[in-house]
Amino acid sequence: MAYEISLLIVMGISITAGLSLNLITGFCGQISLGHAAFMGIGAYTSALMTKNGFPFFPSLAAGMLLAGIAGFFVGLSSLRVRHDFLAITTMGVGFLFIGLVRQQDALGGEMGISGIPDPGLGKIGFLLLVLGCAALVILFCQFMKRSWLGFSFDVVADDEDTALLMGLNVTQFKLIAFAIGTCLAGLAGGLYAHNVRFIDPESFGFIESITVLSMVVIGGIGSVWGVVIASAVLSVLPLWFQFIEDYKLLVYGLLLFSVMRFSPGGLSAIFSKIFTRSLK
Amino acid sequence: MSPLLFVDSATIKFGGLSAIQDITFHLDSKELLGVIGPNGAGKTTLMRTITGIYQSQKGSIELEGIQISNLPIHKRVKSGLSMSQQLVRPFKSMNFLDNVIFAAGHRKTQKPLKTIFLKSRIEEKQKAMNLLEQLGISDMALEKPEKAPLGYLKRLELARAMALEPKILILDEPLAGLNQGEAEKLADTLKTLNKQGQTMILIEHNLREVMRICSRLIVLNNGKILAEGEPNSVFKQTRVQEAYLGEKINAGT
Amino acid sequence: MLFLDLLIQGLLQGSIYGLIAVGLTLVYGLLRILHVAHAGLFTLGGYICVIVTNQTSSFLLAVLTSMILVGLAGMIIYRICYQPILDQPPFVPLIASIGLFIAMEELFRIFFGAYGLSFTELPLQEPLALMQINLKQAEWITIASSVGFVAMLAFLANRTKLGLAWKATVTDPEIASSFGVNIIQVRYLNFFIGSSLAAVSGCMMAVLNNLVEPTMGSVPSYKMLAIIVLGGLGNVRGTLIAAVLLGIIESYGTIYLDDLLDRDSIAFVFLIIALMIRPQGLFQRH
């Protein structure tokens with residue numbers, strides 16, 4: 001039972017993380033290769049706070065807030081650069097984050113932070129919290145997709161220049177996407193830190209960013225359910241099949257490559273193709 | 001009373017070459033102003049300067065007596081300019097109807113933070129459908145733009161610009177890509193719109209339709225205003241004839 | 001003498017960066033693809049070099065073999081991975097490339113072990129003093145090959161028919177093909193040359209460290225991206241200058257910035273500052 005619970009916790013955190021990036025990259029079309037940094041900000045903030053005696057929930061909220069603020073400022077870069085350049089810039093932000101954390105003793109440096117206190121909710125309680133968060137994020141994304149905010153994100157993702165001619169303040173929409181997306185990444189990070197109860201810079205490195213990105217891309221950029229399924233499956237695959245653990249990165253790498261090469265729309269594109277075909 | 005739009009000494013240089021130079025003109029409310037001229041005369045550049053895609057290096061642009069030269073594109077659109085572009089740029093990920101619905105919701109998207117609480121598209125959908133019908137492209141409403149012929153995309157571009165309910169509708173060659181029958185029909189639609197009170201600037205190569213529907217013409221050549229006035233009198237001027245004949249001779253060689 | 005030592009170390013590191021980055025910038029110049037898997041080819045080059053040297057005890061032969069094989073591998077990657085998705089938005093080939101690179105790293109680990117390979121007898125270790133600077137042969141060769149290959153590339157591009165065809169294709173593929181340039185051939189050649197240069201770089205890295213390991217490409221993979229952006233994407237000379245400057249700055253940074261930031265992040269500080277000031281890169285094309 002304990003094993004199933006920890007699987008579900010990992011799944012729930014991944015879904016939150018996957019959807020948080022999907023908001024920025026999928027909905028609003030702004031690619032980010034440094035998303036793990038924002039999970040890191042949420043994780044470090046909340047972990048340091050609970051370790052210093054602050055209660056769990058305010059610490060979690062502080063982590064979200066700080067990640068969101070950082071995301072807002074990183075989002076400013078998307079006003080200067082686009083596409084490939086934005087990808088490289090956000091990747092740079094990711095490396096800068098771990099580069100800074102590594103050298104700061106106050107943040108645990110290379111060794112990371114261990115002994116993060118238990119949130120005191122019990123195993124089941126924590127599971128419910130994580131799944132509740134994931135469910136809320138799913139609902140939020142669905143709600144947003146159907147609102148005029150989601151509609152505007154679609155337009156920004158489609159063609160920024162023409163969006164301006166529709167009278168859209170593209171700048172503000174991009175910043176909103178970055179702020180909300182990174183804030184939710186901070187939530188995922190905080191939950192992660194209090195689940196594993198140990199964090200180090202490597203937990204939020206480039207590979208982690210790519211892992212989250214692969215959930216979005218494999219699920220289908222912009223699709224809520226595709227990303228939910230991909231996040232859930234990809235996060236627990238290595239735990240289910242012990243033999244994959246050793247080849248986890250190989251599988252990730254090949255999956256990322258194959259999906260982009262053969263179906264850039266991801267799982268959701270494959271499903272909708274099968275679905276429309278079976279209707280005909 | 002000041003004119004609706006006043007453009008003063010609009011000048012754009014690309015790497016030392018002037019695309020347009022010291023262009024000054026005005027536009028009165030409810031006018032249908034035609035802008036014509038040979039290829040490369042600077043017509044599109046001028047319109048892009050008015051909408052803010054390019055920044056004029058000189059002079060000023062006033063809408064209803066208010067300076068708009070320093071405003072970014074989206075604010076100029078909000079203050080009442082909208083443009084249908086010569087090169088069509090539909091949102092490829094959405095169908096015809098959604099393209100127009102989005103433009104029709106321009107009031108809803110003004111305050112980004114509030115947009116998350118706005119869901120209903122009923123009103124905009126109705127408005128968009130009416131526009132598609134008015135322009136004769138409602139049969140494609142649920143199709144994605146990638147499959148559509150150019151004539152449809154041109155009218156989609158126009159429908160979006162109209163959906164923004166502008167004070168001034170700027171149309172960059174809306175008739176191009178349409179056959180003569182379609183062009184005539186669309187020109188009639190534009191004329192009707194104008195009669196209903198819509199102010200318009202029309203860039204067009206189809207001189208027959210321009211002569212038919214425009215109340216006033218500006219002729220551009222080499223980035224400058226060559227002639228201005230009532231259509232028939234403009235074409236009586238020898239320099240206008242030369243500019244056009246010159247183009248024909250060039251095109252023949 | 002610390003000052004001079006750091007300068008030379010920086011120059012060496014910069015030369016390695018330069019050789020990899022030039023190949024990457026060539027690919028970007030032609031296809032607008034951020035070819036992250038290029039760093040995988042760099043690693044492959046290092047592995048081939050160590051294996052062939054250990055088998056034949058000829059370092060020169062090893063470098064040549066490595067250049068040819070890696071060049072071919074680059075062409076295969078273009079054909080299988082990039083050509084079919086060139087019409088997709090830029091993030092598609094970028095993510096595909098990242099996936100490919102991760103898979104390549106894992107394959108090196110699975111085939112050759114996590115701890116890497118070393119030379120049984122390390123070549124080019126004799127000291128050689130030039131202009132009162134005392135370095136190992138291998139170190140001199142690294143610097144010389146980076147300058148030499150880039151000069152050769154410049155010569156090829158400006159003085160030969162093939163080079164002119166390449167330049168024409170970079171500027172405007174449509175016009176080039178209307179003048180009878182075979183664009184597909186140019187692309188293959190582009191990948192061959194770029195990948196061979198990465199192989200040379202991998203070989204030199206192998207000798208300098210007496211080690212090739214699966215992850216030797218991971219730091220270059222992203223740092224190269226920073227360098228080619230700083231160098232003005234597609235600009236060979238700018239890229240080399242950016243690479244050498246970065247090598248030198250990092251070399252001093254390790255001493256003076258260590259409390260604040262680790263070495264591998266320095267490139268990105270410059271990258272982010274540079275992009276925010278000049279979104280088109282430091283050295284503009286043309």
# chains A, B, ... in the order shown; residues from 1 in each chain; ligands from 1
>>> residues_around(residues="Val259 (chain A)", least_positions_apart="5", cutoff="10 Å", atoms="only C-alpha atoms", output="MDAnalysis selection string")
(chainID A and resid 214 217:220 254 264:267 270) or (chainID C and resid 92 95:96 99)
>>> residues_around(residues="Thr45 (chain A)", least_positions_apart="6", cutoff="8 Å", atoms="only C-alpha atoms", output="list in words")
Ser59, Leu60, Ala62, Gly63, Leu66 and Gly190 of chain A
>>> atom_distance(atom1="CA of Gly148 (chain C)", atom2="CA of Gln55 (chain C)")
27.7 Å
>>> residues_around(residues="Phe102 (chain B)", least_positions_apart="4", cutoff="8 Å", atoms="only C-alpha atoms", output="PDB file with N, CA and C atoms, in the first residue's frame")
ATOM      1  N   PHE A 151      -8.232  31.789 -25.124  1.00  0.00           N
ATOM      2  CA  PHE A 151      -8.411  32.178 -26.524  1.00  0.00           C
ATOM      3  C   PHE A 151      -7.274  33.127 -26.944  1.00  0.00           C
ATOM      4  N   SER A 152      -6.998  34.104 -26.079  1.00  0.00           N
ATOM      5  CA  SER A 152      -5.937  35.062 -26.379  1.00  0.00           C
ATOM      6  C   SER A 152      -4.570  34.376 -26.412  1.00  0.00           C
TER       7      SER A 152
ATOM      8  N   ASP B  98     -13.633  31.270 -35.769  1.00  0.00           N
ATOM      9  CA  ASP B  98     -12.891  31.641 -34.567  1.00  0.00           C
ATOM     10  C   ASP B  98     -11.961  32.826 -34.821  1.00  0.00           C
ATOM     11  N   HIS B 106     -12.746  42.117 -29.255  1.00  0.00           N
ATOM     12  CA  HIS B 106     -11.642  43.034 -28.922  1.00  0.00           C
ATOM     13  C   HIS B 106     -11.876  43.804 -27.637  1.00  0.00           C
ATOM     14  N   GLU B 124     -20.237  37.445 -29.818  1.00  0.00           N
ATOM     15  CA  GLU B 124     -19.180  37.578 -30.821  1.00  0.00           C
ATOM     16  C   GLU B 124     -19.411  36.614 -31.972  1.00  0.00           C
TER      17      GLU B 124
END
>>> residues_around(residues="Ala185 (chain A)", least_positions_apart="6", cutoff="8 Å", atoms="only C-alpha atoms", output="list in words")
Thr16, Ala17, Ser20, Leu21, His35, Ala36, Phe38, Met39, Gly42, Met64 and Ala67 of chain A
>>> atom_distance(atom1="CA of Lys224 (chain B)", atom2="CA of Ile20 (chain B)")
6.1 Å
>>> closest_residue(among="A:Asp154, A:Glu160, A:Glu202, A:Asp105", to="chain C", atoms="only C-alpha atoms")
A:Asp105
>>> select_by_dssp(residues="region 26-253 of chain B", states="helix (DSSP H, G or I)", output="MDAnalysis selection string")
chainID B and resid 43:51 73:78 96:104 112:117 122:134 138:140 145:147 150:163 180:195 207:213 231:236 238:252
>>> interface_residues(of="chain A", to="chain B", cutoff="7 Å", atoms="only C-alpha atoms", output="ChimeraX atom specification")
/A:144,146-149,155,158-159,162,164-169,172-173
>>> write_last_selection(atoms="C-alpha atoms", output="PDB file, in the first residue's frame")
ATOM      1  CA  MET A 144      -8.652  28.799 -18.650  1.00  0.00           C
ATOM      2  CA  ARG A 146     -12.260  27.888 -22.546  1.00  0.00           C
ATOM      3  CA  SER A 147     -12.027  31.475 -21.309  1.00  0.00           C
ATOM      4  CA  TRP A 148     -11.023  34.492 -23.335  1.00  0.00           C
ATOM      5  CA  LEU A 149      -7.638  34.268 -21.646  1.00  0.00           C
ATOM      6  CA  VAL A 155      -3.710  33.739 -30.724  1.00  0.00           C
ATOM      7  CA  ASP A 158      -0.278  31.274 -33.344  1.00  0.00           C
ATOM      8  CA  ASP A 159       1.054  34.605 -34.591  1.00  0.00           C
ATOM      9  CA  THR A 162      -1.066  39.571 -36.114  1.00  0.00           C
ATOM     10  CA  LEU A 164      -1.020  42.977 -32.110  1.00  0.00           C
ATOM     11  CA  LEU A 165      -3.122  43.995 -35.089  1.00  0.00           C
ATOM     12  CA  MET A 166      -6.114  42.523 -33.268  1.00  0.00           C
ATOM     13  CA  GLY A 167      -5.451  45.081 -30.563  1.00  0.00           C
ATOM     14  CA  LEU A 168      -4.039  42.519 -28.174  1.00  0.00           C
ATOM     15  CA  ASN A 169      -1.494  43.599 -25.589  1.00  0.00           C
ATOM     16  CA  GLN A 172       0.845  41.385 -20.823  1.00  0.00           C
ATOM     17  CA  PHE A 173      -0.514  38.047 -21.954  1.00  0.00           C
TER      18      PHE A 173
END
>>> interface_residues(of="chain A", to="chain C", cutoff="6 Å", atoms="only C-alpha atoms", output="PyMOL selection string")
chain A and resi 92+95-96+99-100+103+250+253-254+256-257+260
>>> write_last_selection(atoms="C-alpha atoms", output="CSV table (one decimal), in the first residue's frame")
chain,number,residue,atom,x,y,z
A,92,GLY,CA,20.5,29.8,-19.6
A,95,PHE,CA,21.8,26.8,-15.7
A,96,LEU,CA,22.3,30.1,-13.9
A,99,GLY,CA,25.2,27.6,-10.9
A,100,LEU,CA,24.2,30.1,-8.2
A,103,GLN,CA,28.1,28.0,-4.8
A,250,LEU,CA,17.6,6.5,-23.1
A,253,GLY,CA,15.6,10.6,-25.2
A,254,LEU,CA,14.3,8.3,-27.9
A,256,LEU,CA,11.3,12.8,-27.3
A,257,PHE,CA,13.0,12.3,-30.5
A,260,MET,CA,9.0,15.1,-32.6
>>> select_by_dssp(residues="region 134-220 of chain C", states="strand (DSSP E or B)", output="list of chain:residue names")
C:Asn134, C:Leu135, C:Lys136, C:Val212
>>> residues_around(residues="region 30-45 of chain B", least_positions_apart="3", cutoff="6 Å", atoms="only C-alpha atoms", output="PyMOL selection string")
chain B and resi 19-20+48+197-203+214-223
>>> write_last_selection(atoms="C-alpha atoms", output="mmCIF file, in the first residue's frame")
data_model
loop_
_atom_site.group_PDB
_atom_site.id
_atom_site.type_symbol
_atom_site.label_atom_id
_atom_site.label_comp_id
_atom_site.auth_asym_id
_atom_site.auth_seq_id
_atom_site.Cartn_x
_atom_site.Cartn_y
_atom_site.Cartn_z
ATOM 1 C CA ALA B 19 10.492 54.074 -48.834
ATOM 2 C CA ILE B 20 8.253 57.042 -48.172
ATOM 3 C CA ARG B 48 2.118 50.139 -41.911
ATOM 4 C CA GLY B 197 -20.722 55.706 -42.270
ATOM 5 C CA GLN B 198 -17.537 53.620 -42.207
ATOM 6 C CA THR B 199 -14.426 55.659 -42.929
ATOM 7 C CA MET B 200 -11.961 53.778 -45.096
ATOM 8 C CA ILE B 201 -8.583 53.954 -46.735
ATOM 9 C CA LEU B 202 -8.345 51.641 -49.693
ATOM 10 C CA ILE B 203 -5.115 50.624 -51.386
ATOM 11 C CA CYS B 214 -13.634 56.087 -54.061
ATOM 12 C CA SER B 215 -14.577 59.675 -53.381
ATOM 13 C CA ARG B 216 -11.012 60.951 -53.317
ATOM 14 C CA LEU B 217 -7.665 59.590 -54.493
ATOM 15 C CA ILE B 218 -4.042 59.909 -53.476
ATOM 16 C CA VAL B 219 -1.481 58.816 -56.025
ATOM 17 C CA LEU B 220 1.902 57.753 -54.675
ATOM 18 C CA ASN B 221 5.061 57.417 -56.705
ATOM 19 C CA ASN B 222 8.588 56.768 -55.439
ATOM 20 C CA GLY B 223 7.514 57.345 -51.869
#
>>> atom_distance(atom1="CA of Met1 (chain A)", atom2="CA of Lys248 (chain A)")
24.5 Å
>>> closest_residue(among="A:Tyr247, A:Phe204, A:Phe140, A:Phe126", to="Leu8 (chain A)", atoms="only C-alpha atoms")
A:Phe126
>>> residues_around(residues="Ala144 (chain C)", least_positions_apart="3", cutoff="12 Å", atoms="only C-alpha atoms", output="list in words")
Leu11, Leu12, Gly14, Ser15, Ile16, Gly18, Leu19, Gln137, Ala138, Glu139, Trp140, Ile141, Val147, Gly148, Phe149, Val150, Ala151, Met152, Val200, Ser201 and Met204 of chain C
